[in-house]
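Here is target-v8.tsv, consisting of TSV, C-alpha atoms:
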```
chain	number	residue	atom	x	y	z
A	1	MET	CA	35.04	11.57	-1.62
A	2	ASP	CA	33.46	14.37	0.43
A	3	GLU	CA	30.65	14.74	-2.10
A	4	PHE	CA	29.70	11.10	-1.58
A	5	LYS	CA	29.65	11.53	2.20
A	6	THR	CA	27.43	14.58	1.85
A	7	LEU	CA	25.11	12.72	-0.49
A	8	GLU	CA	25.02	9.73	1.85
A	9	GLU	CA	24.04	11.89	4.82
A	10	SER	CA	21.30	13.67	2.90
A	11	VAL	CA	19.87	10.36	1.70
A	12	LYS	CA	19.95	8.94	5.23
A	13	GLN	CA	18.03	11.92	6.54
A	14	ALA	CA	15.44	11.49	3.82
A	15	LYS	CA	15.18	7.80	4.72
A	16	ASP	CA	15.28	6.93	1.03
A	17	LYS	CA	16.59	3.37	0.95
A	18	GLU	CA	16.62	3.10	-2.84
A	19	ALA	CA	18.65	6.30	-3.20
A	20	LEU	CA	21.03	5.15	-0.47
A	21	ARG	CA	21.49	1.84	-2.26
A	22	SER	CA	22.35	3.76	-5.42
A	23	VAL	CA	24.94	5.88	-3.59
A	24	TYR	CA	26.68	2.83	-2.16
A	25	ARG	CA	26.62	1.12	-5.54
A	26	GLU	CA	28.27	4.13	-7.15
A	27	LEU	CA	30.91	4.25	-4.43
A	28	VAL	CA	31.94	0.59	-4.55
A	29	THR	CA	31.90	0.62	-8.34
A	30	ARG	CA	34.29	3.54	-8.40
A	31	PHE	CA	36.36	2.38	-5.41
A	32	PRO	CA	35.95	-1.41	-5.04
A	33	PHE	CA	38.48	-1.59	-2.18
A	34	LEU	CA	36.26	0.46	0.17
A	35	TYR	CA	35.31	-2.47	2.38
A	36	GLY	CA	33.33	-0.28	4.79
A	37	TYR	CA	30.97	0.80	2.03
A	38	TRP	CA	30.56	-2.77	0.87
A	39	LEU	CA	29.29	-3.52	4.37
A	40	LYS	CA	26.86	-0.60	4.11
A	41	ALA	CA	25.77	-1.75	0.65
A	42	ILE	CA	25.07	-5.22	2.05
A	43	GLN	CA	22.95	-3.76	4.86
A	44	VAL	CA	20.57	-2.06	2.42
A	45	SER	CA	20.71	-4.71	-0.31
A	46	ASP	CA	17.61	-6.58	-1.49
A	47	ASP	CA	19.82	-9.62	-2.00
A	48	PRO	CA	22.54	-9.63	0.71
A	49	GLY	CA	23.89	-13.03	-0.32
A	50	SER	CA	24.67	-11.90	-3.86
A	51	THR	CA	26.11	-8.62	-2.62
A	52	TRP	CA	28.37	-10.50	-0.21
A	53	GLU	CA	29.58	-12.68	-3.07
A	54	GLU	CA	30.31	-9.66	-5.24
A	55	ALA	CA	32.04	-7.81	-2.40
A	56	LEU	CA	34.36	-10.71	-1.58
A	57	SER	CA	35.29	-11.16	-5.23
A	58	LYS	CA	36.20	-7.50	-5.70
A	59	CYS	CA	37.63	-6.58	-2.31
A	60	GLN	CA	40.09	-8.97	-0.68
A	61	SER	CA	39.99	-7.25	2.68
A	62	LEU	CA	40.70	-9.14	5.88
A	63	GLU	CA	38.21	-6.95	7.72
A	64	LEU	CA	35.51	-7.66	5.15
A	65	TRP	CA	36.09	-11.40	5.37
A	66	VAL	CA	35.95	-11.36	9.17
A	67	GLU	CA	32.56	-9.64	9.01
A	68	TYR	CA	31.44	-12.18	6.42
A	69	LEU	CA	32.42	-15.07	8.69
A	70	LYS	CA	30.40	-13.51	11.49
A	71	SER	CA	27.33	-13.26	9.26
A	72	PRO	CA	24.84	-16.07	8.54
A	73	TYR	CA	26.21	-16.26	4.99
A	74	GLY	CA	29.72	-17.17	6.16
A	75	SER	CA	28.94	-19.44	9.07
A	76	SER	CA	30.19	-22.69	7.51
A	77	VAL	CA	33.49	-24.45	8.06
A	78	ALA	CA	34.17	-24.20	4.32
A	79	ALA	CA	33.86	-20.40	4.43
A	80	ALA	CA	36.33	-20.20	7.32
A	81	LYS	CA	38.72	-22.56	5.51
A	82	LYS	CA	38.60	-20.37	2.40
A	83	ALA	CA	39.39	-17.32	4.53
A	84	VAL	CA	42.40	-19.14	5.99
A	85	ASP	CA	43.57	-20.07	2.49
A	86	ILE	CA	43.48	-16.39	1.50
A	87	PHE	CA	44.73	-14.74	4.69
A	88	GLY	CA	46.70	-17.53	6.36
A	89	CYS	CA	50.01	-15.68	5.83
A	90	HIS	CA	48.60	-12.26	6.74
A	91	PHE	CA	50.45	-10.81	9.74
A	92	GLN	CA	47.05	-10.29	11.40
A	93	GLY	CA	45.81	-13.69	10.22
A	94	HIS	CA	44.80	-14.69	13.74
A	95	HIS	CA	41.42	-13.08	13.05
A	96	VAL	CA	40.49	-15.83	10.58
A	97	TYR	CA	42.45	-18.63	12.27
A	98	ASP	CA	40.57	-18.12	15.54
A	99	ILE	CA	37.24	-18.43	13.75
A	100	TYR	CA	38.36	-21.48	11.79
A	101	LEU	CA	39.72	-23.23	14.89
A	102	SER	CA	36.41	-22.68	16.67
A	103	ARG	CA	34.57	-24.54	13.90
A	104	ILE	CA	36.67	-27.70	13.55
A	105	GLY	CA	37.15	-30.79	15.70
A	106	PRO	CA	39.95	-31.42	18.24
A	107	ALA	CA	42.10	-33.62	15.99
A	108	GLU	CA	42.02	-31.21	13.06
A	109	ARG	CA	42.47	-28.25	15.40
A	110	LYS	CA	45.69	-29.76	16.73
A	111	GLU	CA	47.06	-30.18	13.20
A	112	VAL	CA	46.14	-26.63	12.17
A	113	ILE	CA	47.81	-25.14	15.25
A	114	ARG	CA	51.02	-26.98	14.41
A	115	GLU	CA	50.94	-25.46	10.93
A	116	VAL	CA	50.18	-21.99	12.28
A	117	LEU	CA	53.23	-22.14	14.55
A	118	GLU	CA	55.49	-21.99	11.49
A	119	ILE	CA	53.90	-18.77	10.21
A	120	PRO	CA	55.07	-15.38	11.55
A	121	LEU	CA	51.79	-14.05	12.93
A	122	TYR	CA	51.22	-11.17	15.33
A	123	HIS	CA	49.53	-13.54	17.82
A	124	HIS	CA	52.16	-16.26	17.52
A	125	ALA	CA	52.58	-16.47	21.31
A	126	ASN	CA	48.90	-17.36	21.77
A	127	TYR	CA	49.17	-20.30	19.38
A	128	MET	CA	52.36	-21.43	21.08
A	129	LYS	CA	50.46	-21.68	24.38
A	130	LEU	CA	47.67	-23.63	22.69
A	131	ALA	CA	50.17	-26.03	21.12
A	132	GLN	CA	51.89	-26.67	24.44
A	133	GLN	CA	48.55	-27.37	26.09
A	134	LEU	CA	47.52	-29.81	23.36
A	135	ASP	CA	50.88	-31.55	23.00
A	136	ALA	CA	52.98	-31.13	26.15
A	137	ASP	CA	55.44	-33.86	25.07
A	138	LYS	CA	56.76	-31.64	22.27
A	139	GLU	CA	57.45	-28.56	24.36
A	140	ASP	CA	61.17	-28.49	23.46
A	141	TYR	CA	60.36	-28.76	19.75
A	142	PHE	CA	57.84	-25.93	20.00
A	143	LYS	CA	60.33	-23.70	21.81
A	144	SER	CA	62.99	-24.34	19.17
A	145	LEU	CA	60.52	-23.58	16.40
A	146	SER	CA	59.35	-20.46	18.18
A	147	LEU	CA	62.86	-18.99	18.28
A	148	ASN	CA	63.08	-18.85	14.49
A	149	VAL	CA	59.52	-17.63	14.00
A	150	THR	CA	59.87	-14.99	16.72
A	151	LYS	CA	62.96	-13.67	14.97
A	152	SER	CA	60.95	-13.26	11.75
A	153	ILE	CA	58.11	-11.59	13.63
A	154	LYS	CA	60.48	-9.00	15.09
A	155	GLU	CA	61.87	-8.25	11.64
A	156	ILE	CA	58.40	-7.97	10.13
A	157	TRP	CA	57.23	-5.72	12.94
A	158	GLN	CA	59.89	-3.18	11.96
A	159	PHE	CA	57.95	-2.70	8.71
A	160	GLU	CA	54.43	-3.15	10.05
A	161	SER	CA	54.96	-0.49	12.70
A	162	HIS	CA	55.90	2.13	10.09
A	163	ILE	CA	52.72	1.68	8.06
A	164	LYS	CA	49.71	3.49	9.45
A	165	ARG	CA	47.14	2.99	6.69
A	166	PHE	CA	46.60	-0.58	5.55
A	167	TYR	CA	43.16	0.16	4.14
A	168	PHE	CA	42.16	1.98	0.96
A	169	HIS	CA	41.30	5.68	0.94
A	170	PRO	CA	41.30	8.16	-1.97
A	171	GLN	CA	43.45	10.60	0.00
A	172	GLU	CA	47.17	10.66	-0.80
A	173	LEU	CA	49.61	8.69	1.30
A	174	GLU	CA	52.66	10.25	2.91
A	175	LYS	CA	55.96	9.62	1.14
A	176	SER	CA	57.27	7.89	4.27
A	177	GLU	CA	54.35	5.46	4.04
A	178	LEU	CA	55.11	4.67	0.40
A	179	ASP	CA	58.78	4.17	1.20
A	180	ALA	CA	57.83	1.83	4.05
A	181	TRP	CA	55.79	-0.31	1.65
A	182	LYS	CA	58.69	-0.51	-0.81
A	183	SER	CA	61.08	-1.60	1.93
A	184	TYR	CA	58.59	-4.12	3.27
A	185	LEU	CA	58.01	-5.67	-0.16
A	186	SER	CA	61.74	-5.84	-0.84
A	187	TYR	CA	62.32	-7.61	2.46
A	188	MET	CA	59.51	-10.09	1.87
A	189	GLU	CA	60.67	-10.95	-1.66
A	190	LYS	CA	64.07	-11.85	-0.21
A	191	THR	CA	62.90	-13.81	2.84
A	192	GLY	CA	59.27	-14.89	2.43
A	193	SER	CA	57.51	-17.81	0.79
A	194	HIS	CA	55.59	-17.33	-2.45
A	195	LYS	CA	52.33	-17.23	-0.52
A	196	GLN	CA	53.66	-14.70	1.99
A	197	ILE	CA	54.88	-12.46	-0.82
A	198	LYS	CA	51.55	-12.56	-2.65
A	199	THR	CA	49.66	-11.88	0.57
A	200	LEU	CA	51.76	-8.80	1.26
A	201	TYR	CA	51.39	-7.54	-2.30
A	202	ARG	CA	47.62	-7.82	-2.00
A	203	ARG	CA	47.69	-5.86	1.23
A	204	CYS	CA	49.95	-3.28	-0.37
A	205	ILE	CA	47.90	-2.66	-3.53
A	206	THR	CA	44.79	-2.25	-1.38
A	207	ALA	CA	46.37	0.68	0.46
A	208	THR	CA	48.33	2.03	-2.54
A	209	ALA	CA	45.73	1.35	-5.25
A	210	LEU	CA	46.11	4.84	-6.74
A	211	TYR	CA	49.89	4.50	-7.17
A	212	PRO	CA	50.87	2.75	-10.46
A	213	GLU	CA	54.36	1.80	-9.30
A	214	PHE	CA	53.00	-0.72	-6.78
A	215	TRP	CA	50.73	-2.36	-9.34
A	216	LEU	CA	53.73	-2.67	-11.65
A	217	LEU	CA	55.83	-4.21	-8.89
A	218	TYR	CA	53.22	-6.90	-8.31
A	219	ILE	CA	52.76	-7.44	-12.05
A	220	ARG	CA	56.51	-7.90	-12.41
A	221	TYR	CA	56.52	-10.44	-9.59
A	222	LEU	CA	53.63	-12.44	-11.06
A	223	LEU	CA	55.18	-12.41	-14.53
A	224	ARG	CA	58.24	-14.10	-13.08
A	225	SER	CA	56.15	-16.79	-11.42
A	226	SER	CA	55.85	-20.20	-13.05
A	227	GLU	CA	52.83	-21.27	-10.99
A	228	GLU	CA	49.71	-22.00	-13.02
A	229	SER	CA	47.40	-20.38	-10.46
A	230	ASP	CA	49.21	-17.06	-10.88
A	231	LYS	CA	47.99	-16.70	-14.47
A	232	ASN	CA	44.46	-15.91	-13.31
A	233	GLU	CA	45.82	-13.71	-10.55
A	234	LEU	CA	47.85	-11.76	-13.11
A	235	LEU	CA	44.83	-11.24	-15.35
A	236	ASN	CA	42.80	-10.02	-12.38
A	237	ILE	CA	45.58	-7.67	-11.26
A	238	PHE	CA	45.91	-6.14	-14.73
A	239	LYS	CA	42.17	-5.39	-14.78
A	240	LEU	CA	42.13	-4.00	-11.25
A	241	ALA	CA	45.17	-1.85	-12.00
A	242	MET	CA	43.58	-0.38	-15.13
A	243	HIS	CA	40.43	0.36	-13.14
A	244	HIS	CA	42.23	2.19	-10.34
A	245	VAL	CA	44.85	4.01	-12.43
A	246	PRO	CA	43.27	4.20	-15.91
A	247	GLN	CA	45.53	7.10	-16.90
A	248	ASN	CA	48.69	4.99	-16.58
A	249	THR	CA	49.74	3.79	-20.03
A	250	MET	CA	52.64	1.67	-18.78
A	251	ILE	CA	50.23	-0.82	-17.21
A	252	ARG	CA	48.11	-0.99	-20.38
A	253	GLU	CA	51.16	-1.43	-22.59
A	254	THR	CA	52.55	-4.18	-20.39
A	255	TYR	CA	49.20	-5.95	-20.48
A	256	ALA	CA	49.05	-5.50	-24.27
A	257	LEU	CA	52.51	-7.02	-24.58
A	258	LYS	CA	51.42	-9.99	-22.48
A	259	LEU	CA	48.40	-10.48	-24.75
A	260	GLU	CA	50.62	-10.28	-27.84
A	261	LEU	CA	52.91	-12.97	-26.46
A	262	GLU	CA	49.86	-15.20	-26.08
A	263	GLY	CA	48.72	-14.51	-29.64
A	264	GLN	CA	45.78	-12.31	-28.64
A	265	PHE	CA	46.66	-9.58	-31.13
A	266	GLU	CA	43.19	-8.06	-31.52
A	267	GLU	CA	42.78	-7.63	-27.75
A	268	ALA	CA	46.26	-6.12	-27.54
A	269	ARG	CA	45.51	-3.72	-30.37
A	270	ASN	CA	42.31	-2.57	-28.67
A	271	LEU	CA	44.24	-1.82	-25.50
A	272	LEU	CA	46.94	0.09	-27.32
A	273	THR	CA	44.46	2.27	-29.17
A	274	GLN	CA	43.44	3.63	-25.79
A	275	CYS	CA	46.96	4.95	-25.27
A	276	SER	CA	48.25	8.12	-26.88
A	277	ILE	CA	50.75	7.82	-29.74
A	278	ASP	CA	53.21	9.95	-27.79
A	279	SER	CA	53.06	7.48	-24.93
A	280	LEU	CA	53.63	4.54	-27.26
A	281	VAL	CA	56.69	6.15	-28.80
A	282	ALA	CA	58.04	6.90	-25.35
A	283	PHE	CA	57.53	3.30	-24.21
A	284	ASP	CA	60.99	2.05	-23.30
A	285	ILE	CA	61.50	-1.62	-24.00
A	286	ARG	CA	64.02	-1.75	-21.20
A	287	ASN	CA	61.04	-1.73	-18.86
A	288	ASN	CA	59.92	-4.96	-20.49
A	289	ILE	CA	63.28	-6.54	-19.77
A	290	GLU	CA	62.82	-5.64	-16.13
A	291	LEU	CA	59.16	-6.62	-16.00
A	292	MET	CA	59.02	-9.72	-18.14
A	293	GLN	CA	62.64	-10.85	-18.24
A	294	ILE	CA	64.85	-10.80	-21.27
A	295	GLN	CA	63.24	-13.72	-23.12
A	296	ASN	CA	59.89	-11.96	-23.29
A	297	ALA	CA	61.60	-8.81	-24.51
A	298	VAL	CA	62.87	-10.89	-27.43
A	299	TYR	CA	59.35	-12.00	-28.26
A	300	GLU	CA	58.27	-8.37	-28.22
A	301	ILE	CA	61.01	-7.39	-30.68
A	302	GLU	CA	60.31	-10.39	-32.89
A	303	TYR	CA	56.66	-9.40	-33.06
A	304	ILE	CA	57.63	-5.84	-33.96
A	305	ALA	CA	59.86	-7.04	-36.78
A	306	GLN	CA	57.14	-9.32	-38.16
A	307	THR	CA	54.26	-6.84	-37.95
A	308	LYS	CA	56.24	-3.74	-38.91
A	309	SER	CA	54.74	-1.78	-36.01
A	310	LEU	CA	56.48	1.45	-37.00
A	311	HIS	CA	56.10	3.39	-33.78
A	312	ARG	CA	57.80	0.54	-31.92
A	313	VAL	CA	60.46	-0.23	-34.53
A	314	ASN	CA	61.53	3.41	-34.62
A	315	HIS	CA	61.77	3.50	-30.85
A	316	ILE	CA	63.83	0.31	-30.66
A	317	LYS	CA	66.26	1.74	-33.20
A	318	GLN	CA	66.85	4.48	-30.66
A	319	SER	CA	67.74	1.93	-27.97
A	320	PRO	CA	70.95	0.19	-29.17
A	321	PRO	CA	72.08	-0.75	-25.62
A	322	VAL	CA	68.94	-2.84	-25.24
A	323	ILE	CA	69.46	-4.65	-28.54
A	324	GLU	CA	73.09	-5.25	-27.66
A	325	GLU	CA	72.10	-6.76	-24.33
A	326	LEU	CA	69.69	-9.10	-26.08
A	327	PHE	CA	72.27	-10.25	-28.62
A	328	LYS	CA	74.83	-10.91	-25.89
A	329	SER	CA	72.49	-13.00	-23.76
A	330	GLU	CA	73.62	-16.62	-23.65
A	331	LYS	CA	70.10	-17.72	-22.70
A	332	ILE	CA	68.61	-16.77	-26.06
A	333	ASP	CA	68.68	-18.93	-29.18
A	334	PRO	CA	70.37	-16.67	-31.76
A	335	VAL	CA	67.91	-17.83	-34.44
A	336	ILE	CA	65.14	-16.03	-32.55
A	337	LEU	CA	67.01	-12.81	-33.24
A	338	MET	CA	67.01	-13.29	-37.03
A	339	PRO	CA	64.07	-10.87	-37.51
A	340	LEU	CA	66.14	-8.21	-35.76
A	341	TYR	CA	69.06	-8.88	-38.06
A	342	SER	CA	66.80	-8.57	-41.11
A	343	GLU	CA	65.56	-5.23	-39.80
A	344	GLY	CA	69.10	-3.95	-39.48
A	345	LEU	CA	68.98	-3.98	-35.69
A	346	CYS	CA	71.97	-6.24	-35.05
A	347	PRO	CA	74.71	-4.31	-33.19
A	348	ASP	CA	77.59	-6.72	-33.86
A	349	LEU	CA	77.36	-8.96	-36.92
A	350	VAL	CA	80.69	-10.70	-36.30
A	351	GLN	CA	79.69	-11.70	-32.80
A	352	TYR	CA	76.29	-12.77	-34.06
A	353	THR	CA	77.70	-15.04	-36.78
A	354	HIS	CA	80.00	-16.62	-34.19
A	355	ARG	CA	77.05	-17.39	-31.94
A	356	LEU	CA	75.04	-18.84	-34.83
A	357	LYS	CA	77.91	-21.11	-35.84
A	358	SER	CA	78.62	-22.19	-32.25
A	359	ALA	CA	74.95	-23.07	-31.79
A	360	GLY	CA	74.98	-25.22	-34.92
A	361	ASN	CA	72.63	-22.97	-36.87
A	362	ILE	CA	74.59	-23.36	-40.11
A	363	ARG	CA	71.91	-22.17	-42.55
A	364	GLU	CA	71.36	-18.96	-40.59
A	365	PHE	CA	75.13	-18.56	-40.19
A	366	LEU	CA	75.63	-18.68	-43.97
A	367	ILE	CA	72.88	-16.10	-44.51
A	368	VAL	CA	74.47	-13.60	-42.16
A	369	ASP	CA	78.06	-14.45	-43.08
A	370	SER	CA	77.35	-13.79	-46.75
A	371	GLN	CA	76.41	-10.23	-45.83
A	372	LEU	CA	79.82	-9.70	-44.28
A	373	GLY	CA	81.58	-10.49	-47.54
```
Could you write out this file's structure as structure tokens?
Amino acid sequence: MDEFKTLEESVKQAKDKEALRSVYRELVTRFPFLYGYWLKAIQVSDDPGSTWEEALSKCQSLELWVEYLKSPYGSSVAAAKKAVDIFGCHFQGHHVYDIYLSRIGPAERKEVIREVLEIPLYHHANYMKLAQQLDADKEDYFKSLSLNVTKSIKEIWQFESHIKRFYFHPQELEKSELDAWKSYLSYMEKTGSHKQIKTLYRRCITATALYPEFWLLYIRYLLRSSEESDKNELLNIFKLAMHHVPQNTMIRETYALKLELEGQFEEARNLLTQCSIDSLVAFDIRNNIELMQIQNAVYEIEYIAQTKSLHRVNHIKQSPPVIEELFKSEKIDPVILMPLYSEGLCPDLVQYTHRLKSAGNIREFLIVDSQLG
């Protein structure tokens, strides 16, 4: 990072705008979450509008969006509304709400303020005052609502106050900071809405972009989601994660598994060839059970049995507790596990035949039962 700062200073002194533009381009390409350098890149760009568009698509920074809304390119109501859609559950979301409220009419403003009152924001008290001024007849209702929201704000502040760096920087974070993020995410997953959880994860991976474990936490959360909109988010997160921590094979392997489950075998194979064989052999399928839930782990094993992917089959044979857990799961159709049986990976044939018979899978039951004599 220091080499870039030195280069930037030397270019500034030389007043070479083209060279400066090149430096900023190199920086934001390598570190797309550096919102400050996106702002500098925009200042020297020949096409600021296009650079703004690229910056906002690659760096979901509240600070960057606020600057965008202050610029001629983000002066519309629609731009402010989009910012609210993205950062409406951000603890510091008042920055975009204030701009949005200043651009809409009285009737709509009143409705938005009512909605904002239900969100635990740092400036909640300010919106409470506005609501009481606009709708004095509902003062008791607002006070009752405020009690619950204020309680959440106090709880959230316990986490916010322990995190000092919410922005991206290549320098390492203190362990206490990483622990604070983990605690904060755990709390939000238990108490927050889906939108609040996603907002916090986005904030987290911005600050912890060079730490694979946080990317994997967000990937795990998105994999569990059933919302259609999260499919594109997941794809984007996989790509961002591989850009920021390209050396981490766990992220690539998880992405490859996801592609396999969707039938994109060629794309998955290309990803896996970028990983070392040693890493593939060491890939523990138990991580897939945690990341993608047990059903997806079954699909992974079924694919292995069908394709005879030796490095994976050999590894699974070394993980009998995992196979046993899969066979015991009441949520899985036992017929799905037939490829495992045919590969000799069934830990308890008697139990398996009982499950097949109970599920009414008579043909499969007879196949396995005949092997028992």
Self-check item: Length of the atom CA of A:Glu115 to atom CA of A:Ser183 vector [Å]
Solution: 27.4 Å
Exercise. Please identify all polymer residues lying at most 10 Å from the point (44.2, 2.3, -1.5) (file coordinates), using only C-alpha atoms, and present the result as a ChimeraX atom specification.
Key: /A:31-34,165-173,203-211,244
Quiz item: Hey, can you check how far atom CA of A:Lys110 sits from atom CA of A:His95?
Solution: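 So the answer is 17.6 Å.
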Exercise. Find the residues near stretch 39-46 of chain A: any atom within 7 Å, counting only C-alpha atoms, skip ones fewer than 3 places away on the same chain, and give them as a ChimeraX atom specification.
Key: /A:17,21,24-25,35-36,51-52
Exercise. Calculate how many Å separate atom CA of A:Trp38 from atom CA of A:Leu178, rounding to one decimal.
Key: 25.7 Å
